[in-house]
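File shown: upload30.txt. Contents: compact mmCIF, C-alpha atoms.
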```
# COMPACT_ATOMS: atom_id res chain seq x y z
CA MET A 1 0.00 0.00 0.00
CA LYS A 2 1.52 3.25 -1.15
CA TYR A 3 -0.64 5.69 0.83
CA GLN A 4 -1.33 5.64 4.56
CA LYS A 5 -4.89 4.91 5.64
CA LEU A 6 -6.35 7.47 8.04
CA GLU A 7 -9.39 5.70 9.50
CA ASN A 8 -11.32 8.76 10.72
CA GLN A 9 -10.77 10.70 7.54
CA GLU A 10 -11.63 7.75 5.31
CA ALA A 11 -14.83 7.13 7.28
CA ASN A 12 -15.78 10.77 6.61
CA TRP A 13 -14.99 10.34 2.88
CA LYS A 14 -17.15 7.20 2.80
CA TRP A 15 -19.96 9.10 4.52
CA ILE A 16 -19.71 11.94 1.98
CA TYR A 17 -19.69 9.47 -0.94
CA LEU A 18 -22.69 7.52 0.34
CA ILE A 19 -24.72 10.61 1.19
CA ARG A 20 -24.04 12.04 -2.28
CA LYS A 21 -25.27 8.77 -3.83
CA TYR A 22 -28.33 8.83 -1.56
CA ARG A 23 -29.17 12.41 -2.53
CA GLU A 24 -28.80 11.48 -6.21
CA GLY A 25 -31.58 8.94 -5.65
CA GLU A 26 -29.53 5.74 -5.58
CA ASN A 27 -30.33 2.96 -3.13
CA ILE A 28 -27.28 2.78 -0.87
CA THR A 29 -28.77 0.10 1.38
CA CYS A 30 -29.13 -3.64 0.88
CA TYR A 31 -32.89 -3.36 1.44
CA GLN A 32 -35.60 -3.32 -1.24
CA GLU A 33 -38.40 -1.79 0.85
CA ARG A 34 -38.51 1.98 0.36
CA SER A 35 -39.39 2.87 3.97
CA LEU A 36 -36.54 0.71 5.30
CA GLN A 37 -34.13 2.32 2.80
CA GLU A 38 -35.18 5.76 4.04
CA ALA A 39 -34.83 4.79 7.69
CA LYS A 40 -31.36 3.33 7.23
CA SER A 41 -30.25 6.28 5.09
CA GLN A 42 -31.45 8.69 7.80
CA GLU A 43 -29.54 6.59 10.32
CA LEU A 44 -26.39 7.07 8.20
CA LEU A 45 -27.04 10.82 8.00
CA ALA A 46 -27.06 10.96 11.81
CA CYS A 47 -23.69 9.16 12.02
CA GLN A 48 -21.68 11.92 10.31
CA HIS A 49 -19.28 12.65 13.18
CA TYR A 50 -18.92 9.06 14.40
CA PRO A 51 -16.42 7.08 12.27
CA GLU A 52 -17.06 3.82 14.16
CA LYS A 53 -20.80 4.09 13.55
CA ILE A 54 -20.20 4.86 9.85
CA GLU A 55 -18.03 1.76 9.47
CA ALA A 56 -20.59 -0.35 11.35
CA TRP A 57 -23.40 0.99 9.15
CA ILE A 58 -21.40 0.17 6.01
CA LYS A 59 -20.69 -3.34 7.30
CA ASN A 60 -24.36 -4.01 8.15
CA HIS A 61 -26.45 -2.08 5.62
CA LEU A 62 -24.44 -1.25 2.47
CA SER A 63 -25.86 -2.24 -0.90
CA PRO A 64 -24.03 -5.21 -2.47
CA ALA A 65 -23.54 -3.12 -5.63
CA LEU A 66 -21.51 -0.42 -3.86
CA PRO A 67 -18.47 -1.89 -2.03
CA ILE A 68 -16.22 -1.97 -5.10
CA LYS A 69 -17.25 1.52 -6.23
CA LEU A 70 -16.83 2.83 -2.68
CA ASP A 71 -13.35 1.30 -2.38
CA GLN A 72 -12.32 2.76 -5.72
CA ALA A 73 -13.60 6.21 -4.77
CA ILE A 74 -11.80 6.11 -1.42
CA ARG A 75 -8.57 4.88 -3.01
CA ALA A 76 -8.71 7.75 -5.54
CA ARG A 77 -9.52 10.26 -2.79
CA ARG A 78 -6.61 8.97 -0.67
CA LYS A 79 -4.22 9.31 -3.63
CA ARG A 80 -5.38 12.87 -4.38
CA PHE A 81 -5.15 13.79 -0.71
CA PHE A 82 -1.55 12.60 -0.27
CA ASN A 83 -0.40 13.84 -3.69
CA GLY A 84 -1.93 17.23 -2.89
CA GLU A 85 0.37 17.66 0.10
CA LYS A 86 3.46 18.19 -2.04
CA GLN A 87 3.60 20.79 -4.76
CA HIS A 88 5.42 18.57 -7.25
CA THR A 89 2.77 15.83 -7.03
CA LYS A 90 -0.26 18.13 -6.76
CA LYS A 91 -2.46 17.87 -9.83
CA LYS A 92 -4.40 20.71 -11.37
CA SER A 93 -6.86 20.54 -14.19
CA ILE A 94 -7.65 22.98 -16.95
CA ASP A 95 -10.54 23.07 -19.37
CA LEU A 96 -9.61 22.88 -23.03
CA GLU A 97 -11.82 22.85 -26.05
CA TYR A 98 -11.67 19.52 -27.81
CA ALA A 99 -9.89 20.93 -30.90
CA VAL A 100 -7.20 22.53 -28.72
CA TRP A 101 -6.70 19.33 -26.72
CA GLN A 102 -6.47 17.35 -29.97
CA ARG A 103 -3.77 19.65 -31.39
CA LEU A 104 -1.85 19.63 -28.13
CA SER A 105 -2.12 15.85 -27.91
CA ARG A 106 -0.88 15.39 -31.49
CA TYR A 107 2.03 17.76 -30.84
CA SER A 108 2.87 15.94 -27.58
CA ARG A 109 3.02 12.58 -29.34
CA LYS A 110 5.21 14.08 -32.06
CA MET A 111 7.58 15.50 -29.42
CA LYS A 112 7.33 12.28 -27.34
CA MET A 113 6.40 14.27 -24.23
CA THR A 114 3.52 14.35 -21.77
CA LEU A 115 0.91 17.08 -22.13
CA SER A 116 2.37 18.92 -19.12
CA GLU A 117 5.90 18.74 -20.53
CA THR A 118 4.64 19.98 -23.90
CA ILE A 119 2.87 22.95 -22.34
CA THR A 120 5.98 23.81 -20.30
CA TYR A 121 8.14 23.50 -23.42
CA MET A 122 5.83 25.79 -25.41
CA ILE A 123 5.80 28.40 -22.63
CA ASP A 124 9.60 28.27 -22.37
CA GLU A 125 9.92 28.68 -26.15
CA ARG A 126 7.58 31.68 -26.13
CA GLU A 127 9.47 33.30 -23.25
CA SER A 128 12.79 32.73 -25.04
CA LYS A 129 11.37 34.25 -28.22
CA ALA A 130 10.09 37.31 -26.31
CA GLN A 131 13.48 37.74 -24.61
CA PHE A 132 15.26 37.47 -27.98
CA GLU A 133 12.89 40.04 -29.51
CA ASN A 134 13.56 42.44 -26.62
CA GLN A 135 17.33 42.03 -27.06
CA MET A 136 17.04 42.66 -30.82
CA ALA A 137 14.92 45.77 -30.25
CA ALA A 138 17.46 47.08 -27.74
CA MET A 139 20.32 46.42 -30.19
CA LYS A 140 18.43 48.21 -33.02
CA ASN A 141 17.85 51.23 -30.76
CA SER A 142 21.51 51.24 -29.77
CA LEU A 143 22.56 51.15 -33.44
CA LYS A 144 20.15 53.96 -34.35
CA ASN A 145 21.50 56.08 -31.49
CA LEU A 146 25.07 55.29 -32.53
CA LEU A 147 24.45 56.27 -36.19
CA LYS A 148 22.84 59.64 -35.36
```

Could you write out this file's structure as structure tokens?
Amino acid sequence: MKYQKLENQEANWKWIYLIRKYREGENITCYQERSLQEAKSQELLACQHYPEKIEAWIKNHLSPALPIKLDQAIRARRKRFFNGEKQHTKKKSIDLEYAVWQRLSRYSRKMKMTLSETITYMIDERESKAQFENQMAAMKNSLKNLLK
């Protein structure tokens, strides 16, 4: 296991995940009867600040369709949490139009770089070009002043 498990925090993440599913209208319980589903879901809502009760609820009442999805969501959340602690592993996302992403992706494959490396490379190239243009403009001004 690469990332440390923090039981209290993970219980809270599980609670958040299950409550979101419940509010989206999914059955998070193993029961078919609607009134029993509601009662058990309300019971989970009341357990928010009690990690032991959340884990017990999951063990006793969770829908058989959810354990794998729940584990995957918690594993992803754990990874994001620990990667977010260090700047060099912290991930950020940006929205690109599909055509822009496609061009960037094609260029990245051509350069044999990741998308992040390609963007960094392009920014560096643009900054170098701007610096070169500034130096050329300064040299032209110096020559003009010298020839006057």

Could I get the residues of segment 58-107 of chain A with an atom no further than 8 Å from an atom of segment 7-26 of chain A, each paired with its nearest atom pair and that distance in Å to one decimal, using all atoms listed in the file, sorted by chain and residue number, as JSON lines?
```
{"residue": "A:Leu70", "atom": "CA", "partner": "A:Lys14", "partner_atom": "CA", "distance": 7.0}
{"residue": "A:Ala73", "atom": "CA", "partner": "A:Tyr17", "partner_atom": "CA", "distance": 7.9}
{"residue": "A:Ile74", "atom": "CA", "partner": "A:Trp13", "partner_atom": "CA", "distance": 6.8}
{"residue": "A:Arg77", "atom": "CA", "partner": "A:Trp13", "partner_atom": "CA", "distance": 7.9}
{"residue": "A:Arg78", "atom": "CA", "partner": "A:Glu10", "partner_atom": "CA", "distance": 7.9}
```

As JSON, please: the centre and edge lengths in Å, to one decimal, of an axis-aligned box enclosing every listed atom of segment 68-75 of chain A with 5 Å added on each side.
```
{"center_x": -12.9, "center_y": 2.1, "center_z": -3.8, "size_x": 18.7, "size_y": 18.2, "size_z": 14.8}
```

Find the spatial neighbours of Leu62 of chain A, counting only C-alpha atoms, within a cut-off of 8 Å - ignore same-chain residues fewer than 6 positions away - and output them as JSON, numbers by chain.
{"A": [28, 29, 30]}

Written selection (C-alpha atoms) as a compact mmCIF listing (two decimals), in the coordinates of the input:
```txt
# COMPACT_ATOMS: atom_id res chain seq x y z
CA ILE A 28 -27.28 2.78 -0.87
CA THR A 29 -28.77 0.10 1.38
CA CYS A 30 -29.13 -3.64 0.88
```

Proximity to Lys91 of chain A - best of A:Ser35, A:Ser116, A:Met111, A:Asp124, all atoms listed in the file:
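Counting all atoms listed in the file, the residue closest to Lys91 of chain A is A:Ser116.
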